[in-house]
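Pasting query_0.cif here (mmCIF, C-alpha atoms and all ligand atoms):
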data_target
loop_
_atom_site.label_atom_id
_atom_site.label_comp_id
_atom_site.auth_asym_id
_atom_site.auth_seq_id
_atom_site.Cartn_x
_atom_site.Cartn_y
_atom_site.Cartn_z
CA MET V 13 3.00 -27.35 -5.06
CA THR V 14 4.58 -23.91 -5.04
CA PRO V 15 2.33 -21.41 -3.26
CA ARG V 16 0.97 -18.51 -5.29
CA PRO V 17 3.05 -15.33 -5.08
CA PRO V 18 1.79 -13.04 -2.33
CA HIS V 19 0.08 -9.67 -2.43
CA VAL V 20 2.65 -7.52 -0.64
CA ALA V 21 1.74 -4.31 1.15
CA ILE V 22 4.39 -1.94 2.49
CA ILE V 23 4.26 0.81 5.10
CA MET V 24 7.09 2.90 3.70
CA ASP V 25 8.43 4.55 6.84
CA GLY V 26 11.62 6.31 7.87
CA ASN V 27 12.21 8.98 5.22
CA GLY V 28 12.50 11.71 7.84
CA ARG V 29 14.95 9.78 9.98
CA TRP V 30 17.03 8.88 6.92
CA ALA V 31 17.42 12.60 6.18
CA ALA V 32 17.97 13.61 9.81
CA ALA V 33 20.82 11.08 10.10
CA ARG V 34 22.55 12.97 7.29
CA GLY V 35 21.78 16.43 8.59
CA LEU V 36 19.44 16.99 5.64
CA PRO V 37 15.88 18.38 5.57
CA ARG V 38 13.08 15.79 5.67
CA THR V 39 12.21 16.57 2.05
CA HIS V 40 15.50 14.96 0.94
CA GLY V 41 14.39 11.79 2.65
CA HIS V 42 11.12 11.85 0.73
CA ARG V 43 12.98 12.37 -2.55
CA GLU V 44 15.16 9.35 -1.86
CA GLY V 45 12.06 7.49 -0.75
CA ALA V 46 10.54 8.09 -4.19
CA GLN V 47 13.64 6.45 -5.72
CA ALA V 48 13.08 3.45 -3.47
CA VAL V 49 9.49 3.23 -4.73
CA ARG V 50 10.76 3.02 -8.30
CA ARG V 51 13.25 0.26 -7.38
CA VAL V 52 10.74 -1.77 -5.42
CA VAL V 53 7.98 -1.55 -8.05
CA ARG V 54 10.43 -2.83 -10.65
CA ALA V 55 11.62 -5.64 -8.36
CA ALA V 56 8.06 -6.66 -7.46
CA ARG V 57 7.15 -6.94 -11.12
CA GLU V 58 10.27 -8.96 -11.90
CA LEU V 59 9.57 -11.26 -8.96
CA GLY V 60 6.10 -11.93 -10.35
CA LEU V 61 4.01 -10.48 -7.53
CA PRO V 62 0.34 -10.13 -8.47
CA ALA V 63 -0.12 -6.94 -6.44
CA LEU V 64 1.95 -4.41 -4.52
CA THR V 65 0.21 -1.92 -2.26
CA LEU V 66 2.24 1.03 -1.00
CA TYR V 67 1.22 3.30 1.88
CA ALA V 68 2.45 6.60 0.50
CA PHE V 69 0.37 9.17 2.42
CA SER V 70 -2.03 8.58 5.27
CA ALA V 71 -5.26 10.43 6.02
CA GLN V 72 -3.43 11.62 9.16
CA ASN V 73 -0.34 12.85 7.26
CA TRP V 74 -2.28 16.03 6.33
CA GLN V 75 -1.40 17.17 9.87
CA ARG V 76 2.24 17.60 8.87
CA PRO V 77 3.71 21.04 8.13
CA ARG V 78 2.40 22.53 4.90
CA PRO V 79 5.79 22.66 3.10
CA GLU V 80 6.34 18.94 3.74
CA VAL V 81 2.86 18.06 2.49
CA ASP V 82 3.36 20.24 -0.61
CA HIS V 83 6.67 18.53 -1.31
CA LEU V 84 5.06 15.09 -1.06
CA MET V 85 2.26 16.15 -3.43
CA ARG V 86 4.80 17.39 -5.97
CA LEU V 87 6.69 14.09 -5.72
CA LEU V 88 3.42 12.30 -6.37
CA ARG V 89 2.81 14.30 -9.51
CA ARG V 90 6.37 13.62 -10.71
CA PHE V 91 5.96 9.92 -10.03
CA ALA V 92 2.75 9.70 -12.07
CA LEU V 93 4.26 11.65 -14.98
CA ASP V 94 7.76 10.13 -15.03
CA GLU V 95 6.83 6.52 -14.33
CA ALA V 96 3.91 6.30 -16.75
CA PRO V 97 5.91 4.97 -19.74
CA GLU V 98 7.67 2.31 -17.67
CA LEU V 99 4.53 1.18 -15.82
CA LEU V 100 2.64 0.87 -19.11
CA ALA V 101 5.53 -0.95 -20.82
CA ARG V 102 5.70 -3.43 -17.93
CA ASP V 103 1.96 -4.15 -18.09
CA ILE V 104 1.34 -2.68 -14.60
CA ARG V 105 -2.11 -1.45 -13.62
CA LEU V 106 -2.26 1.53 -11.28
CA VAL V 107 -4.99 1.71 -8.65
CA VAL V 108 -5.37 4.48 -6.07
CA ILE V 109 -7.15 3.97 -2.75
CA GLY V 110 -7.93 6.65 -0.17
CA GLU V 111 -9.70 9.97 -0.17
CA SER V 112 -8.16 11.06 -3.45
CA ARG V 113 -10.53 14.03 -3.75
CA ARG V 114 -8.42 15.65 -1.02
CA LEU V 115 -5.32 15.53 -3.25
CA PRO V 116 -4.48 18.71 -5.17
CA LEU V 117 -5.60 18.62 -8.79
CA PHE V 118 -2.01 18.90 -10.07
CA ALA V 119 -1.30 15.47 -8.52
CA ARG V 120 -4.73 13.93 -8.93
CA GLY V 121 -4.87 14.68 -12.67
CA PRO V 122 -1.75 12.74 -13.74
CA LEU V 123 -2.65 9.90 -11.35
CA ALA V 124 -6.16 9.62 -12.80
CA ALA V 125 -4.76 9.68 -16.34
CA LEU V 126 -2.34 6.86 -15.52
CA GLN V 127 -5.07 4.85 -13.82
CA ALA V 128 -7.21 5.13 -16.94
CA ALA V 129 -4.34 4.37 -19.32
CA SER V 130 -3.27 1.30 -17.34
CA ALA V 131 -6.72 -0.04 -16.47
CA HIS V 132 -6.41 -3.05 -18.77
CA ASN V 133 -2.91 -4.06 -17.74
CA ARG V 134 -2.64 -7.46 -16.10
CA GLY V 135 1.07 -7.99 -15.31
CA MET V 136 0.79 -6.59 -11.77
CA THR V 137 -1.43 -4.22 -9.84
CA LEU V 138 0.34 -1.31 -8.17
CA CYS V 139 -1.98 0.12 -5.56
CA LEU V 140 -1.06 3.48 -4.04
CA ALA V 141 -2.71 4.35 -0.73
CA LEU V 142 -3.04 8.14 -0.76
CA SER V 143 -4.81 10.17 1.88
CA TYR V 144 -5.70 6.68 3.03
CA GLY V 145 -6.92 5.52 6.42
CA GLY V 146 -8.21 2.05 7.24
CA ARG V 147 -10.81 3.37 9.67
CA GLU V 148 -11.93 6.00 7.16
CA ALA V 149 -12.24 3.26 4.50
CA LEU V 150 -14.36 1.11 6.82
CA ALA V 151 -16.54 4.09 7.72
CA ALA V 152 -17.07 4.76 3.99
CA ALA V 153 -18.10 1.12 3.45
CA ALA V 154 -20.51 1.37 6.37
CA ARG V 155 -21.94 4.56 4.89
CA ALA V 156 -22.49 2.80 1.56
CA LEU V 157 -24.23 -0.14 3.24
CA VAL V 158 -26.49 2.11 5.31
CA GLY V 159 -27.35 4.11 2.19
CA GLU V 160 -28.37 0.98 0.32
CA ALA V 161 -30.38 -0.26 3.30
CA ALA V 162 -32.15 3.09 3.64
CA ALA V 163 -33.00 2.97 -0.07
CA GLY V 164 -34.52 -0.49 0.44
CA ARG V 165 -31.92 -2.31 -1.69
CA LEU V 166 -30.29 -4.20 1.18
CA ARG V 167 -31.59 -5.99 4.26
CA PRO V 168 -29.54 -5.93 7.52
CA GLU V 169 -29.17 -9.73 7.45
CA GLN V 170 -27.39 -9.41 4.08
CA VAL V 171 -24.54 -7.47 5.68
CA ASP V 172 -21.83 -10.07 6.09
CA VAL V 173 -18.05 -10.18 5.56
CA ALA V 174 -18.43 -10.43 1.78
CA ALA V 175 -20.85 -7.49 1.68
CA VAL V 176 -18.42 -5.25 3.58
CA ALA V 177 -15.45 -6.40 1.47
CA ALA V 178 -17.37 -5.65 -1.73
CA ARG V 179 -17.78 -2.02 -0.68
CA LEU V 180 -14.11 -1.35 0.00
CA ALA V 181 -11.89 0.22 -2.65
CA THR V 182 -9.69 -2.86 -2.39
CA SER V 183 -12.52 -5.24 -3.34
CA ARG V 184 -10.84 -6.24 -6.59
CA LEU V 185 -7.44 -6.88 -5.02
CA PRO V 186 -6.43 -10.15 -3.38
CA PRO V 187 -6.20 -10.07 0.44
CA VAL V 188 -2.87 -8.88 1.78
CA ASP V 189 -0.56 -11.85 2.34
CA LEU V 190 2.58 -10.08 3.48
CA LEU V 191 2.69 -6.72 5.23
CA ILE V 192 6.11 -5.09 5.57
CA ARG V 193 6.92 -2.03 7.66
CA THR V 194 10.30 -0.38 7.43
CA SER V 195 12.17 1.81 9.94
CA GLY V 196 11.75 -0.42 12.99
CA GLU V 197 8.28 0.80 13.98
CA GLN V 198 5.92 -2.03 14.85
CA ARG V 199 2.42 -0.63 14.32
CA LEU V 200 -0.17 -0.48 11.57
CA SER V 201 -0.80 3.29 11.67
CA ASN V 202 -4.30 2.86 10.20
CA PHE V 203 -3.19 0.87 7.12
CA LEU V 204 -5.43 -1.79 5.52
CA LEU V 205 -7.04 -2.80 8.82
CA TRP V 206 -9.60 -5.07 7.17
CA GLU V 207 -7.48 -6.39 4.33
CA SER V 208 -4.57 -7.40 6.57
CA ALA V 209 -6.71 -9.58 8.84
CA TYR V 210 -4.53 -12.62 8.09
CA ALA V 211 -1.44 -10.95 6.69
CA GLU V 212 1.97 -12.14 7.80
CA LEU V 213 3.85 -9.20 9.32
CA VAL V 214 7.50 -8.45 8.67
CA PHE V 215 9.20 -5.53 10.40
CA THR V 216 12.62 -4.40 9.26
CA PRO V 217 14.90 -1.74 10.78
CA THR V 218 15.89 -0.58 7.27
CA LEU V 219 14.76 2.99 6.61
CA TRP V 220 12.58 3.26 3.51
CA PRO V 221 15.08 5.21 1.33
CA ASP V 222 17.57 2.34 1.83
CA PHE V 223 15.04 -0.39 0.98
CA GLY V 224 15.67 -2.28 -2.25
CA ARG V 225 15.24 -5.54 -4.07
CA ALA V 226 17.38 -7.51 -1.59
CA ASP V 227 15.21 -6.31 1.31
CA LEU V 228 12.05 -7.28 -0.55
CA GLU V 229 13.49 -10.69 -1.30
CA ALA V 230 14.48 -11.14 2.36
CA ALA V 231 10.91 -10.33 3.45
CA LEU V 232 9.53 -12.78 0.89
CA GLU V 233 11.88 -15.45 2.20
CA ALA V 234 10.67 -14.81 5.77
CA TYR V 235 7.10 -15.07 4.47
CA ARG V 236 7.81 -18.41 2.80
CA CYS V 237 9.00 -19.81 6.14
CA ARG V 238 5.75 -18.88 7.90
CA GLU V 239 3.00 -21.38 8.47
CA ARG V 240 -0.35 -19.79 7.68
CA ARG V 241 -3.25 -21.43 9.45
CA PHE V 242 -6.16 -18.97 9.16
CA GLY V 243 -7.55 -20.28 12.44
CA GLY V 244 -7.51 -23.87 11.24
CA LEU V 245 -4.86 -26.53 11.62
CA ALA V 246 -1.70 -26.87 9.59
CA PRO V 247 -1.76 -29.64 6.98
CA GLY V 248 -0.83 -32.96 8.58
CA ARG V 249 -1.92 -31.82 12.04
CA ASP V 250 -5.53 -32.75 11.54
CA VAL V 251 -5.30 -36.13 13.22
CA THR V 252 -7.47 -36.34 16.29
CA ALA V 253 -5.18 -36.18 19.33
C1 LIG Q 1 7.37 7.91 5.59
O1 LIG Q 1 8.46 8.51 6.22
C2 LIG Q 1 6.76 8.79 4.52
C3 LIG Q 1 5.45 9.33 4.88
C4 LIG Q 1 4.79 9.08 5.98
C5 LIG Q 1 4.83 10.22 3.91
P1 LIG Q 1 8.26 9.52 7.41
O2 LIG Q 1 8.13 10.90 6.85
O3 LIG Q 1 7.15 9.10 8.30
O4 LIG Q 1 9.65 9.37 8.14
P2 LIG Q 1 9.94 9.32 9.69
O5 LIG Q 1 9.03 8.29 10.29
O6 LIG Q 1 9.67 10.69 10.22
O7 LIG Q 1 11.38 8.94 9.78
C1 LIG Q 2 2.52 5.75 8.22
O1 LIG Q 2 3.68 6.33 8.66
C2 LIG Q 2 2.07 6.41 6.96
C3 LIG Q 2 2.89 6.16 5.78
C4 LIG Q 2 3.96 5.41 5.74
C5 LIG Q 2 2.43 6.78 4.57
P1 LIG Q 2 3.68 7.51 9.74
O2 LIG Q 2 5.10 7.88 9.94
O3 LIG Q 2 2.76 8.59 9.29
O4 LIG Q 2 3.06 6.79 11.01
P2 LIG Q 2 3.24 7.06 12.56
O5 LIG Q 2 2.98 8.52 12.78
O6 LIG Q 2 4.65 6.70 12.90
O7 LIG Q 2 2.25 6.15 13.22
MG MG Q 3 7.08 7.91 9.93
#
Could you write out this structure as structure tokens?
Ligand code: IPE
Ligand code: IPE
Ligand code: MG
Amino acid sequence: MTPRPPHVAIIMDGNGRWAAARGLPRTHGHREGAQAVRRVVRAARELGLPALTLYAFSAQNWQRPRPEVDHLMRLLRRFALDEAPELLARDIRLVVIGESRRLPLFARGPLAALQAASAHNRGMTLCLALSYGGREALAAAARALVGEAAAGRLRPEQVDVAAVAARLATSRLPPVDLLIRTSGEQRLSNFLLWESAYAELVFTPTLWPDFGRADLEAALEAYRCRERRFGGLAPGRDVTA
């Protein structure tokens, strides 16, 4: 039996270092990074992935210098406007997770329009994590649960794993199977803390602007070689010793 294709999540890191290595401002790295996003979305669709989640801007990235943040927001707007025809033609549904109210309207508007226009697409889900933090997302879920409990619609004993999962923005996405981080860093940086509970992790030294279809395929190959046990025993190992 061939296993189902994985939900892949990517921490797209290394834009700044890519630019610095060329003596260019960090913004050039982000521009090239946006090109890599286009390539990888196309490859993911062609490879038949059900979902691709991209960490594009963290809740903590607001701390960066204002010109860099502004540049990233403009790239986001351009992405939503320029990629709309292709995403719709390829039957891709756009989902945004994170505190999107913090995004400037000029970026939020086109993103919301594309989300609405693509809501019924089923070919693949492209999930963009924007102003996203895993701890912030869990705090929001906790807030929702407490609110329902205070209103008398939920009893404490009903709060289980499924109840928390149902109150996350990712509730309609499959769990993350493969989590990739580029640029050699080996940390989660507040990305999908809950959803990655049993994700296979692949770290690659490639800087995000250099990442392409071959790198995605290499990560998928590494994933296929992993044995996922979820705390149980691998098939065939369940004989009593
Ligand atoms: C990732 O690249 C893009 C964002 C976090 C928005 P970085 O900007 O973090 O690049 P490095 O890590 O400084 O090289
Ligand atoms: C994580 O990368 C956020 C994104 C890729 C959007 P960072 O570059 O912000 O993370 P740290 O600072 O290295 O942990
Ligand atoms: Mg970084």
Exercise. Smallest atom-to-atom distance to ligand LIG 2 (chain Q): which of V:Asp25, V:Glu58, V:Asp82, V:Asp94, using only C-alpha atoms and all ligand atoms?
Worked result: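 Of all the options, V:Asp25 lies closest to ligand LIG 2 (chain Q).
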Problem set entry | Shell around Trp220 of chain V at 9 Å using all atoms listed in the file, local window under 4 positions removed, as an MDAnalysis selection string | chainID V and resid 23:27 30 41 44:45 48:49 193:195 224
For this session: Using all atoms listed in the file, give me every residue within 9 Å of (-0.9, 5.1, 3.2) in file coordinates, as a PyMOL selection string.
Result: chain V and resi 22-24+65-71+73+109-110+140-146+201-204
What are the closest atom pairs, with distances in Å to one decimal, for each residue of segment 163-234 of chain V lying within 12 Å of segment 127-137 of chain V, using all atoms listed in the file, rows by chain and rising residue number, as a Markdown table?
| residue | atom | partner | partner_atom | distance |
| --- | --- | --- | --- | --- |
| V:Thr182 | CA | V:Thr137 | CA | 11.2 |
| V:Arg184 | CA | V:Thr137 | CA | 10.2 |
| V:Leu185 | CA | V:Thr137 | CA | 8.2 |
| V:Pro186 | CA | V:Thr137 | CA | 10.1 |
Any chance you could export the current selection's C-alpha atoms as a compact mmCIF listing (two decimals), keeping the file's coordinate frame?
# COMPACT_ATOMS: atom_id res chain seq x y z
CA THR V 182 -9.69 -2.86 -2.39
CA ARG V 184 -10.84 -6.24 -6.59
CA LEU V 185 -7.44 -6.88 -5.02
CA PRO V 186 -6.43 -10.15 -3.38
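Straight-line separation from atom O4 of ligand LIG 2 (chain Q) to atom CA of Phe215 of chain V: 13.8 Å.
Summary of the local environment: counting all atoms listed in the file, residues at most 10 Å from Arg50 of chain V, other than itself and those fewer than 2 positions away along its chain, are V:Gly45, V:Ala46, V:Gln47, V:Ala48, V:Val52, V:Val53, V:Arg54, V:Ala55, V:Phe91, V:Glu95, V:Glu98, V:Leu99, V:Gly224.
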Exercise. What does the distance between atom CA of Pro18 of chain V and atom CA of Asp189 of chain V come to in Å, to one decimal place?
Worked result: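 Distance between the two atoms: 5.4 Å.
One finds atom CA of Glu160 of chain V at 14.9 Å from atom CA of Ala177 of chain V.
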Counting all atoms listed in the file, which residues of segment 59-86 of chain V sit at most 12 Å from some atom of segment 227-240 of chain V, and what is each one's closest atom pair with its distance in Å to one decimal, listed by chain and rising residue number, as a tab-separated table?
residue	atom	partner	partner_atom	distance
V:Leu59	CA	V:Glu229	CA	8.6
V:Gly60	CA	V:Glu229	CA	11.7
V:Leu61	CA	V:Leu232	CA	10.3
V:Leu64	CA	V:Leu228	CA	11.2
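Ranking V:Arg76, V:Arg155, V:Arg114, V:Arg105 by their shortest atom-to-atom distance to Cys139 of chain V, with all atoms listed in the file included, puts V:Arg105 first.
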Exercise. So, counting only C-alpha atoms and all ligand atoms, which residue among V:Ala226, V:Val20, V:Ala162, V:Leu219 is closest to ligand MG 3 (chain Q)?
Worked result: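 Checking each candidate against ligand MG 3 (chain Q), we get V:Leu219 as the closest.
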Problem set entry | Top pick for closest residue to ligand MG 3 (chain Q), considering V:Leu180, V:Ala154, V:Val214, V:Ala31 and counting only C-alpha atoms and all ligand atoms |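 Looking only at the distances to ligand MG 3 (chain Q), the closest residue turns out to be V:Ala31.
The smallest atom-to-atom distance between Ala92 of chain V and any of V:Glu80, V:Glu148, V:Ala125, V:Ile104, using only C-alpha atoms, is found for V:Ala125.
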